[in-house]
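Encoded as structure tokens, the structure appears first; notes follow it.
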Amino acid sequence: MEPVQAARAARGIRTTRTGVRRAATALLLGGVLVLATACGPDDTSAAGDKGSGGAAGAGGSGGGGASASAPASPKLSAAVVSVEPKDGSQDVQPSGGLKVSVAGGKLTQVAVADKDGNAVQGAISPDGASWTPSGTLAVGMLYKVSAQAVDGAGLQSALDSSFTTLTPAKTASANDNISTGSTYGVGMIVSVNFNKDVKNKDAVVQGITFEASDHTEVKGHWFSARRLDFRPEQYWKPGTKVVIHYKLKSVEISPGVYGSTDRDESFTVGRSQISTADAKSDQMTVTRDGKAVQTIPITTGNDDNPSWNGTMVISSKEKVTRMNSATVANVVGSEYDVPDVPHAMRLTDSGTYVHGNYWSNAFGSSNASHGCVSMQDTNTKGGDDSSVAGKFFSGSMIGDVVIIKNSRGKTVSGSNGLSGWTMPWSTW
């Protein structure tokens, strides 16, 4: 080879080696760039900034090259949780509007609470596929739902949502004959009256519950679409304390109509007093706490206007009242209008009273009234509190039992006043 050619060849070799070194350097720098932009600890890029040490770091970054490959995708749970109603829904029905379910797995936990943090009770179905509330939700309330589930591989999924129940456009009031904190006789029947017809009667009954200190069972009976009466099987026991829980605001009593009240009322049962008026002997026996304490001469309804037979309850007391035949149906004989009947205690809606009487002398001897049970009193305004009628009036309370027997009349209807004790428990 000629000297010139040999020199050129030598330079070519050197140029090629230089190019290789430059290419290697570029590749190393490129490796550093790749590592610097990959997700990883901060000290990875710091190692690439160490000059010759960076080359060593890059050389040791065979592992760095592996981390630059695509990461493995996370495994997703096959359990898909869903909530009805959808997140953000408005005007949701308080009853039957909420359900949590899962496909491809089982629910493990469901928590539902209102905006104030009050938890909603409910239960997951035995197969773990669904959850429903155990009661009715409140109207006009924001609720939050948090549900979790797990699939067959043990992978979890979760869902959070919220919704608001409807605010009723129509409501119905429910008023009873209880004055909270009062004391009543052992025959007291709680009568609830609605100002609109009730269609969903079972739901309303479930929305009115009784809590008795002696755990007495109380049942309700519908006398009409607007009247619901409650009583125990037997007379209340003296001294029993009773709390009535009304939870009707979220109860749809009829289509589109909801109850208007959530409240508690309480009363106490006083001593036992049961008075039995015998229309045959014209005597009334007063039994208090199981002992006969008094026998009172009386007069009851005459043959044309006989008194009702059956168990009745004193529903109100009036020191003096007016009694007019025009307000009573089917009165036979002469009309009457007594403006100042003393010591009057109502027994039926149809007009039967136990009351004082100053215009008759038939007590203990004959039946001369238009259906009431009356006893001796005086013609002073409001009667004489020391008279037979006055003493019976002062010793009686609302809820006391009055039984009339041996009258020519029919048995009083359970709906006539607080006369539900005439009905057997099996049909109550």
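Naming works like this for the structure tokens: A, B, ... for the chains as they're shown, residue 1 at the start of each chain, ligands 1 onward in shown order.
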At most 9 Å is the cut-off: for each residue in range 119-230 of chain A with any atom that close to an atom of range 254-275 of chain A, write down the nearest atom pair and the distance in Å rounded to one decimal, counting only C-alpha atoms, chain first then increasing number, as a tab-separated table.
residue	atom	partner	partner_atom	distance
A:Pro168	CA	A:Tyr258	CA	6.5
A:Ala169	CA	A:Val257	CA	7.5
A:Lys170	CA	A:Val257	CA	4.9
A:Thr171	CA	A:Tyr258	CA	4.6
A:Ala172	CA	A:Gly259	CA	5.1
A:Ser173	CA	A:Ser260	CA	5.5
A:Ala174	CA	A:Thr261	CA	7.4
A:Ile178	CA	A:Phe267	CA	7.6
A:Ser179	CA	A:Phe267	CA	7.6
A:Thr180	CA	A:Ser266	CA	4.9
A:Gly181	CA	A:Phe267	CA	5.0
A:Ser182	CA	A:Phe267	CA	5.2
A:Thr183	CA	A:Thr268	CA	4.7
A:Tyr184	CA	A:Val269	CA	5.1
A:Gly185	CA	A:Gly270	CA	5.5
A:Val186	CA	A:Ser272	CA	5.6
A:Gly187	CA	A:Ser272	CA	8.5
A:Met188	CA	A:Val269	CA	8.3
A:Lys196	CA	A:Ser254	CA	8.7
A:Asp197	CA	A:Ser254	CA	7.3
A:Val198	CA	A:Ser254	CA	5.6
A:Lys199	CA	A:Ser254	CA	4.8
A:Asn200	CA	A:Ser254	CA	5.8
A:Lys201	CA	A:Ser254	CA	8.8
A:Val204	CA	A:Gly259	CA	8.5
>> Which residues are close to range 340-351 of chain A, i.e. within 8 Å by only C-alpha atoms, leaving aside same-chain residues fewer than 4 positions away? Reply as number ranges by chain.
In response: A: 312-323, 328-329, 355-357, 372, 377, 381-383, 389-390, 393, 402, 416-419
For the residues in the current selection, export N, CA, C and O atoms as a compact mmCIF listing (two decimals), in the first residue's frame.
# COMPACT_ATOMS: atom_id res chain seq x y z
N MET A 312 -119.45 0.87 77.56
CA MET A 312 -119.17 2.21 77.05
C MET A 312 -118.09 2.87 77.92
O MET A 312 -117.75 2.35 78.98
N VAL A 313 -117.59 3.99 77.47
CA VAL A 313 -116.49 4.67 78.16
C VAL A 313 -116.80 6.16 78.24
O VAL A 313 -117.29 6.76 77.27
N ILE A 314 -116.53 6.75 79.37
CA ILE A 314 -116.70 8.20 79.51
C ILE A 314 -115.70 8.89 78.59
O ILE A 314 -114.48 8.73 78.75
N SER A 315 -116.20 9.64 77.62
CA SER A 315 -115.32 10.30 76.64
C SER A 315 -115.14 11.78 76.90
O SER A 315 -114.20 12.39 76.37
N SER A 316 -116.02 12.39 77.71
CA SER A 316 -115.87 13.80 78.07
C SER A 316 -116.68 14.10 79.32
O SER A 316 -117.62 13.34 79.66
N LYS A 317 -116.32 15.17 79.99
CA LYS A 317 -117.04 15.60 81.20
C LYS A 317 -117.37 17.08 81.08
O LYS A 317 -116.51 17.89 80.73
N GLU A 318 -118.62 17.42 81.37
CA GLU A 318 -119.06 18.81 81.32
C GLU A 318 -119.84 19.12 82.60
O GLU A 318 -120.81 18.43 82.92
N LYS A 319 -119.43 20.16 83.30
CA LYS A 319 -120.10 20.51 84.56
C LYS A 319 -121.58 20.81 84.31
O LYS A 319 -122.44 20.46 85.13
N VAL A 320 -121.88 21.41 83.19
CA VAL A 320 -123.27 21.66 82.80
C VAL A 320 -123.34 21.69 81.28
O VAL A 320 -122.43 22.17 80.62
N THR A 321 -124.43 21.14 80.74
CA THR A 321 -124.59 21.13 79.29
C THR A 321 -126.06 21.22 78.94
O THR A 321 -126.94 21.04 79.79
N ARG A 322 -126.32 21.49 77.68
CA ARG A 322 -127.69 21.55 77.18
C ARG A 322 -128.01 20.26 76.43
O ARG A 322 -127.21 19.78 75.64
N MET A 323 -129.20 19.72 76.69
CA MET A 323 -129.66 18.52 76.01
C MET A 323 -130.96 18.84 75.29
O MET A 323 -131.93 19.29 75.91
N VAL A 328 -130.81 14.65 68.72
CA VAL A 328 -130.74 13.20 68.88
C VAL A 328 -131.71 12.55 67.89
O VAL A 328 -132.87 12.95 67.78
N ALA A 329 -131.25 11.55 67.19
CA ALA A 329 -132.08 10.89 66.18
C ALA A 329 -133.04 9.89 66.81
O ALA A 329 -132.74 9.29 67.85
N HIS A 355 -125.59 11.46 83.87
CA HIS A 355 -125.68 12.86 84.28
C HIS A 355 -126.56 13.04 85.50
O HIS A 355 -127.31 12.14 85.90
N GLY A 356 -126.46 14.22 86.07
CA GLY A 356 -127.33 14.60 87.17
C GLY A 356 -128.72 14.94 86.64
O GLY A 356 -128.88 15.40 85.51
N ASN A 357 -129.72 14.76 87.51
CA ASN A 357 -131.12 14.97 87.09
C ASN A 357 -131.87 15.60 88.27
O ASN A 357 -131.95 15.01 89.35
N CYS A 372 -130.52 8.06 78.53
CA CYS A 372 -129.39 8.34 79.42
C CYS A 372 -129.53 7.60 80.74
O CYS A 372 -130.59 7.12 81.10
N ASP A 377 -129.77 15.00 91.53
CA ASP A 377 -128.98 16.23 91.58
C ASP A 377 -129.94 17.37 91.95
O ASP A 377 -131.14 17.13 92.17
N LYS A 381 -127.38 26.10 89.47
CA LYS A 381 -126.60 26.16 88.24
C LYS A 381 -125.37 25.26 88.35
O LYS A 381 -124.53 25.45 89.23
N GLY A 382 -125.30 24.29 87.47
CA GLY A 382 -124.19 23.36 87.51
C GLY A 382 -124.39 22.23 88.48
O GLY A 382 -123.53 21.37 88.63
N GLY A 383 -125.55 22.19 89.13
CA GLY A 383 -125.84 21.12 90.08
C GLY A 383 -125.10 21.30 91.39
O GLY A 383 -124.33 22.25 91.59
N ALA A 389 -125.06 12.80 92.14
CA ALA A 389 -124.46 12.98 90.82
C ALA A 389 -123.16 13.78 90.91
O ALA A 389 -122.19 13.49 90.20
N GLY A 390 -123.15 14.79 91.79
CA GLY A 390 -121.95 15.61 91.94
C GLY A 390 -120.76 14.81 92.43
O GLY A 390 -119.64 14.97 91.93
N PHE A 393 -119.57 12.48 89.68
CA PHE A 393 -118.88 13.27 88.66
C PHE A 393 -117.44 13.56 89.10
O PHE A 393 -116.49 13.39 88.32
N VAL A 402 -118.37 2.38 81.83
CA VAL A 402 -119.76 2.31 82.27
C VAL A 402 -120.45 1.23 81.45
O VAL A 402 -120.50 1.31 80.22
N ASN A 416 -119.78 3.74 68.18
CA ASN A 416 -120.61 4.76 68.82
C ASN A 416 -119.93 5.22 70.11
O ASN A 416 -120.06 4.58 71.16
N GLY A 417 -119.18 6.30 70.01
CA GLY A 417 -118.35 6.72 71.14
C GLY A 417 -117.13 5.83 71.23
O GLY A 417 -116.64 5.28 70.24
N LEU A 418 -116.64 5.63 72.46
CA LEU A 418 -115.49 4.74 72.69
C LEU A 418 -115.99 3.39 73.18
O LEU A 418 -115.65 2.93 74.26
N SER A 419 -116.82 2.78 72.36
CA SER A 419 -117.50 1.54 72.76
C SER A 419 -116.87 0.30 72.13
O SER A 419 -117.52 -0.74 72.01
> Got a sec: who's within 12 Å of range 405-411 of chain A, counting only C-alpha atoms, leaving out chain neighbours fewer than 5 positions off, as a PyMOL selection string?
Replying inline: chain A and resi 275-285+299-312+366-367+370-373+416+419-423
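With CA of Leu166 in chain A on one side and CA of Tyr246 in chain A on the other, the separation reads 19.9 Å.
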>> List as a ChimeraX atom specification the protein and nucleic acid residues near Gly135 in chain A, meaning an atom at most 9 Å away when only C-alpha atoms are counted, but skip any in the same chain fewer than 2 places from it.
In response: /A:95,120-122,132-133,137
Selected residues, N, CA and C atoms, written as a short mmCIF file (atom, residue, chain, number, x, y, z; two decimals), in the first residue's frame, please.
data_model
loop_
_atom_site.label_atom_id
_atom_site.label_comp_id
_atom_site.auth_asym_id
_atom_site.auth_seq_id
_atom_site.Cartn_x
_atom_site.Cartn_y
_atom_site.Cartn_z
N SER A 95 -91.08 5.70 50.03
CA SER A 95 -91.30 4.26 50.20
C SER A 95 -91.08 3.54 48.87
N VAL A 120 -79.92 5.14 58.12
CA VAL A 120 -81.12 4.44 57.68
C VAL A 120 -80.90 2.95 57.87
N GLN A 121 -81.80 2.31 58.61
CA GLN A 121 -81.66 0.88 58.86
C GLN A 121 -82.09 0.10 57.61
N GLY A 122 -81.40 -0.98 57.36
CA GLY A 122 -81.71 -1.83 56.22
C GLY A 122 -80.94 -3.12 56.32
N THR A 132 -82.11 -3.24 50.85
CA THR A 132 -83.28 -2.36 50.88
C THR A 132 -83.45 -1.82 52.30
N PRO A 133 -84.00 -0.60 52.43
CA PRO A 133 -84.24 -0.05 53.77
C PRO A 133 -85.36 -0.81 54.46
N LEU A 137 -88.38 6.25 54.17
CA LEU A 137 -87.49 7.40 54.30
C LEU A 137 -88.31 8.64 54.63
#
> For Glu217 in chain A, which residue out of A:Leu76, A:Asp87, A:Trp236, A:Asp202 is the nearest one, using only C-alpha atoms?
Replying inline: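 Closest to Glu217 in chain A, using only C-alpha atoms: A:Trp236.
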> Contacts of Gly105 in chain A at 12 Å or less, counting only C-alpha atoms, minus same-chain residues fewer than 3 places along, as a ChimeraX atom specification?
Replying inline: /A:77-82,101-102,108,127-130,148-158
>> Based on the backbone DSSP call, show me all residues of range 74-315 of chain A assigned helix (DSSP H, G or I), as a PyMOL selection string.
In response: chain A and resi 201-206
